[in-house]
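Asks: File follows, query_7.pdb with PDB, C-alpha atoms:
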```pdb
ATOM      1  CA  ALA S 168      12.740  18.474  -8.676
ATOM      2  CA  ILE S 169      15.450  20.964  -9.672
ATOM      3  CA  LYS S 170      12.848  23.219 -11.281
ATOM      4  CA  TYR S 171      10.754  23.095  -8.114
ATOM      5  CA  LEU S 172      13.837  23.858  -6.029
ATOM      6  CA  PHE S 173      14.039  27.323  -7.600
ATOM      7  CA  SER S 174      10.294  27.878  -7.992
ATOM      8  CA  LYS S 175       8.425  30.853  -6.559
ATOM      9  CA  GLU S 176       6.846  28.600  -3.969
ATOM     10  CA  ASN S 177      10.268  27.926  -2.453
ATOM     11  CA  GLU S 178      11.292  31.559  -2.181
ATOM     12  CA  GLY S 179      12.346  32.440   1.343
ATOM     13  CA  LYS S 180      13.131  28.889   2.405
ATOM     14  CA  ARG S 181      16.552  28.008   3.735
ATOM     15  CA  PHE S 182      18.736  26.324   1.147
ATOM     16  CA  ILE S 183      19.009  23.136   3.252
ATOM     17  CA  ASN S 184      15.209  22.900   3.262
ATOM     18  CA  LYS S 185      15.106  23.413  -0.484
ATOM     19  CA  LEU S 186      17.548  20.533  -0.849
ATOM     20  CA  GLU S 187      15.347  18.258   1.244
ATOM     21  CA  GLU S 188      12.362  19.277  -0.865
ATOM     22  CA  ALA S 189      14.313  18.387  -4.026
ATOM     23  CA  TYR S 190      15.388  15.034  -2.586
ATOM     24  CA  PHE S 191      11.821  14.329  -1.486
ATOM     25  CA  LEU S 192      10.403  14.957  -4.965
ATOM     26  CA  SER S 193      13.192  13.101  -6.783
ATOM     27  CA  ALA S 194      12.678  10.009  -4.649
ATOM     28  CA  ALA S 195       8.899  10.190  -4.960
ATOM     29  CA  TYR S 196       8.887  10.518  -8.762
ATOM     30  CA  SER S 197      11.457   7.736  -9.094
ATOM     31  CA  GLN S 198       9.274   5.359  -7.044
ATOM     32  CA  TYR S 199       6.143   6.530  -8.823
ATOM     33  CA  ARG S 200       7.492   5.704 -12.277
ATOM     34  CA  LYS S 201       8.436   2.177 -11.195
ATOM     35  CA  ILE S 202       5.104   1.510  -9.501
ATOM     36  CA  GLN S 203       3.071   3.004 -12.328
ATOM     37  CA  LYS S 204       4.666   0.551 -14.774
ATOM     38  CA  GLU S 205       3.510  -2.329 -12.575
ATOM     39  CA  VAL S 206       0.049  -0.821 -12.124
ATOM     40  CA  ASP S 207      -0.351  -0.495 -15.894
ATOM     41  CA  LYS S 208       0.186  -4.238 -16.231
ATOM     42  CA  ILE S 209      -2.782  -4.964 -13.968
ATOM     43  CA  GLY S 210      -5.313  -3.451 -16.329
ATOM     44  CA  ILE S 211      -7.420  -1.460 -13.875
ATOM     45  CA  THR S 212     -10.563   0.017 -15.476
ATOM     46  CA  ASP S 213     -13.245   2.546 -14.556
ATOM     47  CA  LYS S 214     -15.299  -0.348 -13.152
ATOM     48  CA  ASP S 215     -12.741  -0.775 -10.375
ATOM     49  CA  GLU S 216     -12.227   1.166  -7.147
ATOM     50  CA  VAL S 217      -8.660   1.760  -6.005
ATOM     51  CA  PHE S 218      -7.300   2.413  -2.489
ATOM     52  CA  LEU S 219      -3.774   3.786  -2.129
ATOM     53  CA  TYR S 220      -2.182   3.411   1.302
ATOM     54  CA  SER S 221       1.047   4.902   2.646
ATOM     55  CA  TYR S 222       2.346   3.957   6.091
ATOM     56  CA  TRP S 223       4.318   7.219   6.418
ATOM     57  CA  LEU S 224       3.301  10.810   5.674
ATOM     58  CA  TYR S 225       6.425  11.292   3.636
ATOM     59  CA  ILE S 226       7.794  10.105   0.271
ATOM     60  CA  ASN S 227       5.407   7.158  -0.121
ATOM     61  CA  ALA S 228       2.446   9.440   0.564
ATOM     62  CA  LYS S 229       3.586  11.640  -2.320
ATOM     63  CA  VAL S 230       3.796   8.546  -4.517
ATOM     64  CA  ALA S 231       0.202   7.745  -3.566
ATOM     65  CA  THR S 232      -0.968  11.208  -4.630
ATOM     66  CA  LEU S 233       0.827  10.909  -7.982
ATOM     67  CA  LEU S 234      -0.825   7.555  -8.614
ATOM     68  CA  LYS S 235      -4.147   9.043  -7.580
ATOM     69  CA  ASP S 236      -3.797  11.813 -10.184
ATOM     70  CA  ASN S 237      -3.189   9.186 -12.830
ATOM     71  CA  PHE S 238      -6.298   7.227 -11.859
ATOM     72  CA  ASP S 239      -8.369  10.412 -11.691
ATOM     73  CA  ASN S 240      -7.364  11.235 -15.253
ATOM     74  CA  LYS S 241      -8.771   7.848 -16.310
ATOM     75  CA  ASN S 242     -12.029   8.374 -14.386
ATOM     76  CA  ILE S 243     -11.204   5.511 -12.029
ATOM     77  CA  LYS S 244     -12.595   5.808  -8.497
ATOM     78  CA  VAL S 245      -9.661   6.210  -6.130
ATOM     79  CA  LYS S 246      -8.900   7.137  -2.523
ATOM     80  CA  ALA S 247      -5.433   7.916  -1.201
ATOM     81  CA  PHE S 248      -4.643   7.974   2.486
ATOM     82  CA  SER S 249      -1.663   7.862   4.801
ATOM     83  CA  ARG S 250      -0.816   7.037   8.376
ATOM     84  CA  ALA S 251       1.545   9.328  10.291
ATOM     85  CA  HIS S 252       3.766   8.550  13.278
ATOM     86  CA  ARG S 253       6.620  10.694  14.640
ATOM     87  CA  PHE S 254       9.360  11.874  12.278
ATOM     88  CA  ASP S 255       6.660  12.594   9.676
ATOM     89  CA  ILE S 256       4.583  14.719  12.107
ATOM     90  CA  TYR S 257       6.808  16.734  14.435
ATOM     91  CA  GLU S 258       8.856  19.180  12.361
ATOM     92  CA  GLU S 259      10.558  20.619  15.447
ATOM     93  CA  ARG S 260      12.061  17.205  16.260
ATOM     94  CA  ARG S 261      13.869  16.989  12.937
ATOM     95  CA  LYS S 262      17.439  18.176  12.472
ATOM     96  CA  TYR S 263      16.496  21.216  10.383
ATOM     97  CA  HIS S 264      12.994  21.640  11.824
ATOM     98  CA  TYR S 265      11.395  21.060   8.459
ATOM     99  CA  LEU S 266       9.149  18.570   6.673
ATOM    100  CA  PRO S 267       8.756  18.935   2.896
ATOM    101  CA  HIS S 268       5.553  19.223   0.904
ATOM    102  CA  ARG S 269       3.155  19.311   3.872
ATOM    103  CA  LYS S 270       0.382  21.411   2.319
ATOM    104  CA  HIS S 271       0.516  19.499  -0.963
ATOM    105  CA  LEU S 272       0.193  16.145   0.762
ATOM    106  CA  LEU S 273      -2.635  17.259   3.019
ATOM    107  CA  ASN S 274      -4.446  18.816   0.064
ATOM    108  CA  ASP S 275      -4.114  15.791  -2.222
ATOM    109  CA  LEU S 276      -4.721  12.951   0.227
ATOM    110  CA  ASP S 277      -8.272  12.003   1.147
ATOM    111  CA  TYR S 278      -7.394  11.135   4.745
ATOM    112  CA  VAL S 279      -4.438  11.333   7.117
ATOM    113  CA  PHE S 280      -4.434   9.014  10.131
ATOM    114  CA  PRO S 281      -1.919   9.978  12.851
ATOM    115  CA  CYS S 282      -1.268   7.153  15.310
ATOM    116  CA  SER S 283      -1.986   9.412  18.299
ATOM    117  CA  THR S 284      -4.363  12.210  19.213
ATOM    118  CA  ASP S 285      -1.296  14.305  20.028
ATOM    119  CA  GLY S 286      -0.150  13.827  16.426
ATOM    120  CA  LYS S 287      -3.598  14.667  15.111
ATOM    121  CA  ASN S 288      -3.721  17.857  17.159
ATOM    122  CA  HIS S 289      -0.226  18.853  16.035
ATOM    123  CA  ILE S 290      -1.051  18.580  12.334
ATOM    124  CA  SER S 291      -4.494  20.143  12.745
ATOM    125  CA  SER S 292      -3.164  23.156  14.615
ATOM    126  CA  ASN S 293      -0.433  23.784  12.035
ATOM    127  CA  TYR S 294      -2.695  23.165   9.034
ATOM    128  CA  PRO S 295      -6.256  23.974  10.173
ATOM    129  CA  LYS S 296      -7.534  24.112   6.591
ATOM    130  CA  TYR S 297      -7.217  20.310   6.409
ATOM    131  CA  LYS S 298      -8.520  19.504   9.899
ATOM    132  CA  SER S 299     -11.526  17.549   8.598
ATOM    133  CA  LYS S 300      -9.215  15.075   6.826
ATOM    134  CA  ILE S 301      -7.141  14.258   9.907
ATOM    135  CA  GLN S 302      -8.351  11.496  12.225
ATOM    136  CA  THR S 303      -6.634   9.580  15.002
ATOM    137  CA  SER S 304      -6.221   5.898  14.241
ATOM    138  CA  TYR S 305      -4.366   3.954  16.890
ATOM    139  CA  LEU S 306      -2.063   1.161  15.914
ATOM    140  CA  GLY S 307      -2.291  -1.953  18.042
ATOM    141  CA  THR S 308      -0.697  -5.218  19.034
ATOM    142  CA  TYR S 309      -2.018  -8.740  19.254
ATOM    143  CA  ASP S 310      -2.723 -10.699  22.399
ATOM    144  CA  HIS S 311       0.181 -12.932  23.403
ATOM    145  CA  GLY S 312      -0.970 -13.610  26.943
ATOM    146  CA  LEU S 313       0.016 -12.212  30.331
ATOM    147  CA  ASN S 314       3.403 -11.641  31.893
ATOM    148  CA  PRO S 315       4.037 -14.407  34.482
ATOM    149  CA  ASN S 316       3.813 -13.879  38.224
ATOM    150  CA  LYS S 317       6.822 -12.899  40.281
ATOM    151  CA  SER S 318       9.305 -15.614  41.199
ATOM    152  CA  ASN S 319      10.885 -16.026  44.624
ATOM    153  CA  ASP S 320      14.253 -14.397  43.851
ATOM    154  CA  ASN S 321      13.139 -10.996  45.252
ATOM    155  CA  PHE S 322      14.763  -9.029  42.441
ATOM    156  CA  PHE S 323      12.873  -6.006  41.139
ATOM    157  CA  VAL S 324      13.088  -6.515  37.389
ATOM    158  CA  ILE S 325      13.217  -3.417  35.169
ATOM    159  CA  VAL S 326      13.117  -3.834  31.398
ATOM    160  CA  SER S 327      13.660  -1.363  28.581
ATOM    161  CA  CYS S 328      13.316  -2.106  24.881
ATOM    162  CA  SER S 329      14.539   0.063  22.020
ATOM    163  CA  TRP S 330      17.048   0.565  19.270
ATOM    164  CA  LEU S 331      20.172   1.903  20.985
ATOM    165  CA  ILE S 332      20.369   5.412  19.571
ATOM    166  CA  GLU S 333      20.737   8.820  21.198
ATOM    167  CA  VAL S 334      17.036   9.783  21.264
ATOM    168  CA  LYS S 335      16.246   6.732  23.441
ATOM    169  CA  ARG S 336      18.566   8.006  26.226
ATOM    170  CA  VAL S 337      19.322   4.563  27.642
ATOM    171  CA  ASP S 338      22.400   6.086  29.271
ATOM    172  CA  MET S 339      20.010   7.893  31.639
ATOM    173  CA  ILE S 340      18.646   4.570  32.827
ATOM    174  CA  ILE S 341      22.163   3.345  33.568
ATOM    175  CA  GLU S 342      23.210   6.550  35.335
ATOM    176  CA  SER S 343      20.096   6.630  37.505
ATOM    177  CA  LEU S 344      20.212   2.942  38.472
ATOM    178  CA  ALA S 345      23.847   3.417  39.484
ATOM    179  CA  THR S 346      22.774   5.842  42.229
ATOM    180  CA  ILE S 347      20.362   3.400  43.905
ATOM    181  CA  LYS S 348      21.790   1.587  46.903
ATOM    182  CA  ASN S 349      20.702  -1.460  48.898
ATOM    183  CA  LYS S 350      18.027  -2.629  46.469
ATOM    184  CA  LYS S 351      17.927  -5.954  44.626
ATOM    185  CA  ILE S 352      17.492  -4.731  41.065
ATOM    186  CA  LYS S 353      17.879  -6.516  37.768
ATOM    187  CA  TRP S 354      17.855  -4.376  34.610
ATOM    188  CA  ILE S 355      17.512  -5.904  31.156
ATOM    189  CA  HIS S 356      17.596  -3.971  27.906
ATOM    190  CA  LEU S 357      16.128  -5.697  24.875
ATOM    191  CA  GLY S 358      17.625  -4.511  21.599
ATOM    192  CA  GLY S 359      20.864  -3.452  19.986
ATOM    193  CA  GLY S 360      22.055  -0.562  17.898
ATOM    194  CA  PRO S 361      24.971   1.740  17.128
ATOM    195  CA  LEU S 362      25.456   2.790  20.767
ATOM    196  CA  GLN S 363      25.574  -0.748  22.172
ATOM    197  CA  ASP S 364      29.324  -0.905  22.812
ATOM    198  CA  GLU S 365      29.345   2.538  24.399
ATOM    199  CA  LEU S 366      26.407   1.703  26.677
ATOM    200  CA  GLU S 367      27.862  -1.663  27.672
ATOM    201  CA  ASN S 368      31.081   0.093  28.677
ATOM    202  CA  LEU S 369      29.082   2.604  30.706
ATOM    203  CA  ALA S 370      27.101  -0.178  32.400
ATOM    204  CA  ASN S 371      30.286  -2.123  33.190
ATOM    205  CA  LYS S 372      31.687   0.971  34.867
ATOM    206  CA  LYS S 373      28.571   2.177  36.686
ATOM    207  CA  LEU S 374      26.350  -0.800  37.532
ATOM    208  CA  ILE S 375      28.488  -2.442  40.174
ATOM    209  CA  ASN S 376      25.706  -3.299  42.614
ATOM    210  CA  ILE S 377      22.934  -4.529  40.306
ATOM    211  CA  GLU S 378      22.521  -7.289  37.772
ATOM    212  CA  TYR S 379      22.080  -6.195  34.178
ATOM    213  CA  LYS S 380      22.086  -7.377  30.586
ATOM    214  CA  ILE S 381      21.974  -5.632  27.213
ATOM    215  CA  SER S 382      20.648  -8.275  24.881
ATOM    216  CA  GLY S 383      21.727  -6.950  21.511
ATOM    217  CA  ASN S 384      19.535  -7.358  18.452
ATOM    218  CA  MET S 385      16.404  -9.443  18.911
ATOM    219  CA  THR S 386      13.516 -10.254  16.614
ATOM    220  CA  ASN S 387      10.057  -9.095  17.605
ATOM    221  CA  LYS S 388       9.084 -12.730  18.117
ATOM    222  CA  GLU S 389      11.968 -13.176  20.562
ATOM    223  CA  ILE S 390      10.979 -10.048  22.469
ATOM    224  CA  LEU S 391       7.368 -11.188  22.799
ATOM    225  CA  GLU S 392       8.536 -14.601  23.979
ATOM    226  CA  PHE S 393      10.663 -12.881  26.614
ATOM    227  CA  TYR S 394       7.638 -10.957  27.916
ATOM    228  CA  LYS S 395       5.605 -14.140  27.961
ATOM    229  CA  ASN S 396       8.146 -16.202  29.898
ATOM    230  CA  ASN S 397       9.943 -13.782  32.245
ATOM    231  CA  HIS S 398       8.378 -11.771  35.062
ATOM    232  CA  ILE S 399       8.857  -8.007  34.701
ATOM    233  CA  ASP S 400       8.053  -5.537  37.471
ATOM    234  CA  LEU S 401       8.454  -2.349  35.440
ATOM    235  CA  PHE S 402       8.984  -1.270  31.840
ATOM    236  CA  VAL S 403      10.812   2.019  31.328
ATOM    237  CA  ASN S 404      11.072   4.355  28.329
ATOM    238  CA  VAL S 405      12.924   7.660  28.723
ATOM    239  CA  SER S 406      12.996   8.750  25.060
ATOM    240  CA  SER S 407      13.186  12.447  24.300
ATOM    241  CA  SER S 408      10.826  11.976  21.347
ATOM    242  CA  GLU S 409       8.143   9.446  20.444
ATOM    243  CA  GLY S 410       5.020   9.046  18.380
ATOM    244  CA  LEU S 411       3.020   6.483  20.324
ATOM    245  CA  PRO S 412       5.430   3.611  20.950
ATOM    246  CA  VAL S 413       4.446   0.130  19.828
ATOM    247  CA  SER S 414       6.945  -1.144  22.407
ATOM    248  CA  ILE S 415       4.711   0.316  25.129
ATOM    249  CA  MET S 416       1.572  -1.157  23.551
ATOM    250  CA  GLU S 417       3.242  -4.562  23.633
ATOM    251  CA  VAL S 418       4.191  -4.459  27.307
ATOM    252  CA  ALA S 419       0.775  -3.071  28.235
ATOM    253  CA  SER S 420      -0.832  -6.069  26.540
ATOM    254  CA  PHE S 421       1.135  -8.327  28.888
ATOM    255  CA  GLY S 422      -0.040  -6.374  31.942
ATOM    256  CA  ILE S 423       3.270  -4.693  32.836
ATOM    257  CA  PRO S 424       3.446  -1.306  34.634
ATOM    258  CA  ILE S 425       5.137   1.480  32.682
ATOM    259  CA  LEU S 426       7.351   4.465  33.523
ATOM    260  CA  ALA S 427       7.747   6.765  30.516
ATOM    261  CA  THR S 428       8.545  10.309  29.469
ATOM    262  CA  ASP S 429       5.584  12.481  28.574
ATOM    263  CA  VAL S 430       6.437  12.976  24.899
ATOM    264  CA  GLY S 431       4.368  12.576  21.741
ATOM    265  CA  GLY S 432       1.296  10.433  22.338
ATOM    266  CA  THR S 433       2.712   8.437  25.256
ATOM    267  CA  SER S 434       0.157   9.994  27.649
ATOM    268  CA  GLU S 435      -2.556   8.223  25.660
ATOM    269  CA  ILE S 436      -1.371   4.859  26.972
ATOM    270  CA  VAL S 437       0.512   5.664  30.218
ATOM    271  CA  SER S 438      -1.018   7.334  33.282
ATOM    272  CA  TYR S 439      -1.114   7.002  37.059
ATOM    273  CA  LYS S 440      -3.489   4.069  36.519
ATOM    274  CA  ASN S 441      -0.873   1.796  34.970
ATOM    275  CA  GLY S 442       2.399   3.540  35.813
ATOM    276  CA  LYS S 443       3.640   7.086  35.652
ATOM    277  CA  LEU S 444       4.505   9.800  33.161
ATOM    278  CA  ILE S 445       7.669  11.763  33.862
ATOM    279  CA  PRO S 446       8.888  15.056  32.353
ATOM    280  CA  GLU S 447      11.017  14.909  29.232
ATOM    281  CA  ASN S 448      13.698  16.954  31.036
ATOM    282  CA  ILE S 449      13.834  14.715  34.127
ATOM    283  CA  ASN S 450      17.277  14.505  35.727
ATOM    284  CA  ILE S 451      19.220  11.440  36.861
ATOM    285  CA  LYS S 452      18.447  11.952  40.546
ATOM    286  CA  ASP S 453      14.691  12.276  40.040
ATOM    287  CA  LEU S 454      14.589   9.302  37.689
ATOM    288  CA  ALA S 455      16.262   7.199  40.387
ATOM    289  CA  LYS S 456      13.587   8.347  42.845
ATOM    290  CA  GLU S 457      10.889   7.192  40.438
ATOM    291  CA  PHE S 458      12.473   3.745  40.263
ATOM    292  CA  GLU S 459      12.567   3.561  44.055
ATOM    293  CA  ASN S 460       8.937   4.649  44.273
ATOM    294  CA  PHE S 461       7.942   1.735  42.067
ATOM    295  CA  ILE S 462      10.048  -0.695  44.087
ATOM    296  CA  ASN S 463       8.114   0.403  47.193
ATOM    297  CA  ASP S 464       4.703   0.723  45.484
ATOM    298  CA  LYS S 465       2.039  -1.324  47.278
ATOM    299  CA  GLN S 466      -0.386  -0.777  44.380
ATOM    300  CA  ILE S 467       1.833  -2.193  41.678
ATOM    301  CA  ASN S 468      -0.360  -5.268  41.147
ATOM    302  CA  GLN S 469      -3.311  -3.001  40.400
ATOM    303  CA  LYS S 470      -1.171  -1.142  37.889
ATOM    304  CA  ARG S 471      -0.430  -4.484  36.232
ATOM    305  CA  LYS S 472      -4.152  -5.142  35.839
ATOM    306  CA  ASN S 473      -4.776  -1.632  34.556
ATOM    307  CA  SER S 474      -2.078  -1.888  31.883
ATOM    308  CA  ARG S 475      -3.880  -4.868  30.410
ATOM    309  CA  ILE S 476      -7.256  -3.108  30.635
ATOM    310  CA  ILE S 477      -5.966   0.035  28.856
ATOM    311  CA  TRP S 478      -4.438  -2.087  26.105
ATOM    312  CA  LYS S 479      -7.666  -4.025  25.629
ATOM    313  CA  GLU S 480      -9.762  -0.858  25.440
ATOM    314  CA  LYS S 481      -7.551   1.179  23.103
ATOM    315  CA  PHE S 482      -4.728  -0.810  21.509
ATOM    316  CA  ASP S 483      -6.054  -4.247  20.607
ATOM    317  CA  ALA S 484      -4.945  -4.768  16.997
ATOM    318  CA  LYS S 485      -7.895  -6.995  16.080
ATOM    319  CA  LYS S 486     -10.329  -4.221  16.942
ATOM    320  CA  ASN S 487      -8.249  -1.268  15.768
ATOM    321  CA  TYR S 488      -7.363  -2.583  12.324
ATOM    322  CA  LYS S 489     -10.957  -3.595  11.643
ATOM    323  CA  ASN S 490     -12.070  -0.079  12.559
ATOM    324  CA  PHE S 491      -9.329   1.408  10.384
ATOM    325  CA  ILE S 492     -10.474  -0.503   7.309
ATOM    326  CA  GLU S 493     -14.066   0.539   7.932
ATOM    327  CA  LYS S 494     -13.023   4.200   8.059
ATOM    328  CA  VAL S 495     -11.168   3.943   4.776
ATOM    329  CA  ILE S 496     -13.706   2.076   2.673
ATOM    330  CA  LYS S 497     -16.865   3.819   3.878
TER     331      LYS S 497
END
```
Please lay out the structure from this file as structure tokens.

Replies:
Amino acid sequence: AIKYLFSKENEGKRFINKLEEAYFLSAAYSQYRKIQKEVDKIGITDKDEVFLYSYWLYINAKVATLLKDNFDNKNIKVKAFSRAHRFDIYEERRKYHYLPHRKHLLNDLDYVFPCSTDGKNHISSNYPKYKSKIQTSYLGTYDHGLNPNKSNDNFFVIVSCSWLIEVKRVDMIIESLATIKNKKIKWIHLGGGPLQDELENLANKKLINIEYKISGNMTNKEILEFYKNNHIDLFVNVSSSEGLPVSIMEVASFGIPILATDVGGTSEIVSYKNGKLIPENINIKDLAKEFENFINDKQINQKRKNSRIIWKEKFDAKKNYKNFIEKVIK
């Protein structure tokens, strides 16, 4: 890694990017050596066919390519492929606007499967030489039933679900809800994180006229049970950056309308049919207006039906994962 840090290939790169490249390679080779020892114990021969799968287009994908080289040298049939999501696709969203080893990974992998068409287009436009290797492969969620019908309490129930970190901008939800007057609103956030205390203090100060709860850490099973047993009028996601959120796939499967920022691949699951996309740079006042529009929306039941339909057509895990395997082993 140190040798590569000062190689000709790295000339012209910022030193901080060279350091990330060195870290990337050090971590990859360290993992590779450990895994290769275990692989050697298995006794794979040239009569076998090997598939190497990385969930992220990052360090583990590099490990897969190193293992692939080893199998190739032994004349063993091997394919290496990787999914890609958000941090491992959008360089401009990273702190130093850099992702290490992109061309090497794309050259050495047989396939790359971004989880959104937006991700596919981003990689393909930046690295057109490898366009034929890059295919969209949606993730998916399983069917846990429908969200129950509305109760008689007349509250408009808004739910958000995320790790409480800066990119999720949950403070915007609080600030916008605080400006809405004379509406019976209940806001529930599912999830915890490093900003929980700060956001609870903000909610205590701002949300005087509405009911609210920040749940803290929950398991995925607990979240799905919540969707199954509690009526929700609207799910909201105001992140400044996303891949294609599994959290949105989950609520769509339950037939819940969605309000979300138009970032990453979110437009591939949210539209006017099942909710609304809003600009990434939306302000507090306009976000509040969007909430009020949903409260007054006479077509919201149709949006509930459409959320379920969109999930069934594009994000059903049973169908998507079967198709994914067929792509890989063909």

Asks: Could you work out how far atom CA of Ser406 of chain S lies from atom CA of Trp354 of chain S, giving the answer in Å with one decimal?

Replies: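 For atom CA of Trp354 of chain S relative to atom CA of Ser406 of chain S, the distance reads 16.9 Å.
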
Asks: Residues at most 10 Å from Leu362 of chain S, counting only C-alpha atoms, excluding those fewer than 3 positions away in the same chain, as an NGL selection string?

Replies: :S and (330-333 or 337-338 or 359 or 365-367)

Asks: Which residue gives the smallest distance to Ile377 of chain S among S:Ala345, S:Leu233, S:Ile399, S:Cys328, with all atoms listed in the file counted?

Replies: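 Among S:Ala345, S:Leu233, S:Ile399, S:Cys328, it is S:Ala345 that comes nearest to Ile377 of chain S.
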
Asks: Got a sec to resolve the PyMOL selection byres ((chain S and resi 285) around 12) on this structure and send the residues as JSON, numbers by chain?

Replies: {"S": [251, 252, 253, 256, 257, 280, 281, 282, 283, 284, 286, 287, 288, 289, 290, 291, 292, 301, 302, 303, 304, 305, 409, 410, 411, 429, 430, 431, 432, 433, 434, 435, 436]}

Asks: Output, as JSON, the centre and edge lengths in Å (one decimal) of the axis-aligned box that contains all listed atoms of segment 434-437 of chain S with 8 Å of margin on each side.

Replies:
```
{"center_x": -1.0, "center_y": 7.4, "center_z": 27.9, "size_x": 19.1, "size_y": 21.1, "size_z": 20.6}
```

Asks: Quote the spacing between atom CA of Ile347 of chain S and atom CA of Pro424 of chain S in Å to one decimal place.

Replies: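 Computed distance, atom CA of Ile347 of chain S to atom CA of Pro424 of chain S, equals 19.9 Å.
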
Asks: Could you tell me which of S:Tyr222, S:Phe254, S:Phe182, S:Tyr278 comes closest to Lys497 of chain S if we count only C-alpha atoms?

Replies: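 Closest to Lys497 of chain S of all the choices is S:Tyr278.
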
Asks: Taking only C-alpha atoms into account, name the residue in S:His264, S:Lys214, S:Arg471, S:Lys208 that is nearest to Asn316 of chain S.

Replies: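 Among S:His264, S:Lys214, S:Arg471, S:Lys208, it is S:Arg471 that comes nearest to Asn316 of chain S.
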
Asks: Could you tell me how far atom CA of Lys380 of chain S lies from atom CA of Ile355 of chain S, in Å and to one decimal?

Replies: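 These two atoms are separated by 4.8 Å.
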
Asks: Compare S:Leu313, S:Leu444, S:Met416, S:Lys350 by their minimum atom-to-atom distance to Phe393 of chain S, counting all atoms listed in the file, and give me the closest one.

Replies: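 Of S:Leu313, S:Leu444, S:Met416, S:Lys350, the one nearest Phe393 of chain S is S:Leu313, counting all atoms listed in the file.
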
Asks: Dump as CSV the rows for residues of segment 414-436 of chain S within 12 Å of segment 455-466 of chain S: closest atom pair and distance in Å with one decimal, all atoms listed in the file counted, ordered by chain and rising residue number.

Replies:
```
residue,atom,partner,partner_atom,distance
S:Pro424,CA,S:Phe461,CA,9.2
S:Ile425,CA,S:Phe461,CA,9.8
S:Leu426,CA,S:Glu457,CA,8.2
S:Ala427,CA,S:Glu457,CA,10.4
S:Thr428,CA,S:Glu457,CA,11.6
```

Asks: Using only C-alpha atoms, find the one residue out of S:Val326, S:Gly358, S:Leu272, S:Ala231 that sits nearest to Glu389 of chain S.

Replies: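 Of the candidates, the smallest distance to Glu389 of chain S is held by S:Gly358.
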
Asks: I need the residue set behind the PyMOL selection byres ((chain S and resi 341) around 8) for this file; please write it as number ranges by chain.

Replies: S: 337-340, 342-345, 369-370, 373-374

Asks: Using all atoms listed in the file, which residue out of S:Ile381, S:Val334, S:Ile390, S:Val413 lies closest to Glu447 of chain S?

Replies: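 Going through S:Ile381, S:Val334, S:Ile390, S:Val413 one by one, the smallest distance to Glu447 of chain S is for S:Val334.
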
Asks: For a quick check of your reading of the model, name the residues lying within 9 Å of the coordinate (-9.6, 2.6, -9.6), counting all atoms listed in the file, and write them as an MDAnalysis selection string.

Replies: chainID S and resid 211:218 235 238:239 241:246

Asks: Taking the file as shown, find all residues satisfying the PyMOL selection byres ((chain S and resi 263) around 10) and write them as a PyMOL selection string.

Replies: chain S and resi 181+183-184+187+258-262+264-266

Asks: Would you mind exporting the chosen residues as a JSON list (two decimals), in the frame of the given file, restricted to C-alpha atoms?

Replies:
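Result written to selection14.json:
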```
[["chain", "number", "residue", "atom", "x", "y", "z"],
["S", 181, "ARG", "CA", 16.55, 28.01, 3.74],
["S", 183, "ILE", "CA", 19.01, 23.14, 3.25],
["S", 184, "ASN", "CA", 15.21, 22.90, 3.26],
["S", 187, "GLU", "CA", 15.35, 18.26, 1.24],
["S", 258, "GLU", "CA", 8.86, 19.18, 12.36],
["S", 259, "GLU", "CA", 10.56, 20.62, 15.45],
["S", 260, "ARG", "CA", 12.06, 17.20, 16.26],
["S", 261, "ARG", "CA", 13.87, 16.99, 12.94],
["S", 262, "LYS", "CA", 17.44, 18.18, 12.47],
["S", 264, "HIS", "CA", 12.99, 21.64, 11.82],
["S", 265, "TYR", "CA", 11.40, 21.06, 8.46],
["S", 266, "LEU", "CA", 9.15, 18.57, 6.67]]
```

Asks: Write out as a PyMOL selection string the residues lying within 9 Å of Asn274 of chain S, counting all atoms listed in the file and excluding same-chain residues fewer than 4 positions away.

Replies: chain S and resi 269-270+296-297

Asks: Go ahead and save the residues from that selection, with C-alpha atoms, as a PDB file, in the frame of the given file.

Replies:
```
ATOM      1  CA  ARG S 269       3.155  19.311   3.872  1.00  0.00           C
ATOM      2  CA  LYS S 270       0.382  21.411   2.319  1.00  0.00           C
ATOM      3  CA  LYS S 296      -7.534  24.112   6.591  1.00  0.00           C
ATOM      4  CA  TYR S 297      -7.217  20.310   6.409  1.00  0.00           C
TER       5      TYR S 297
END
```
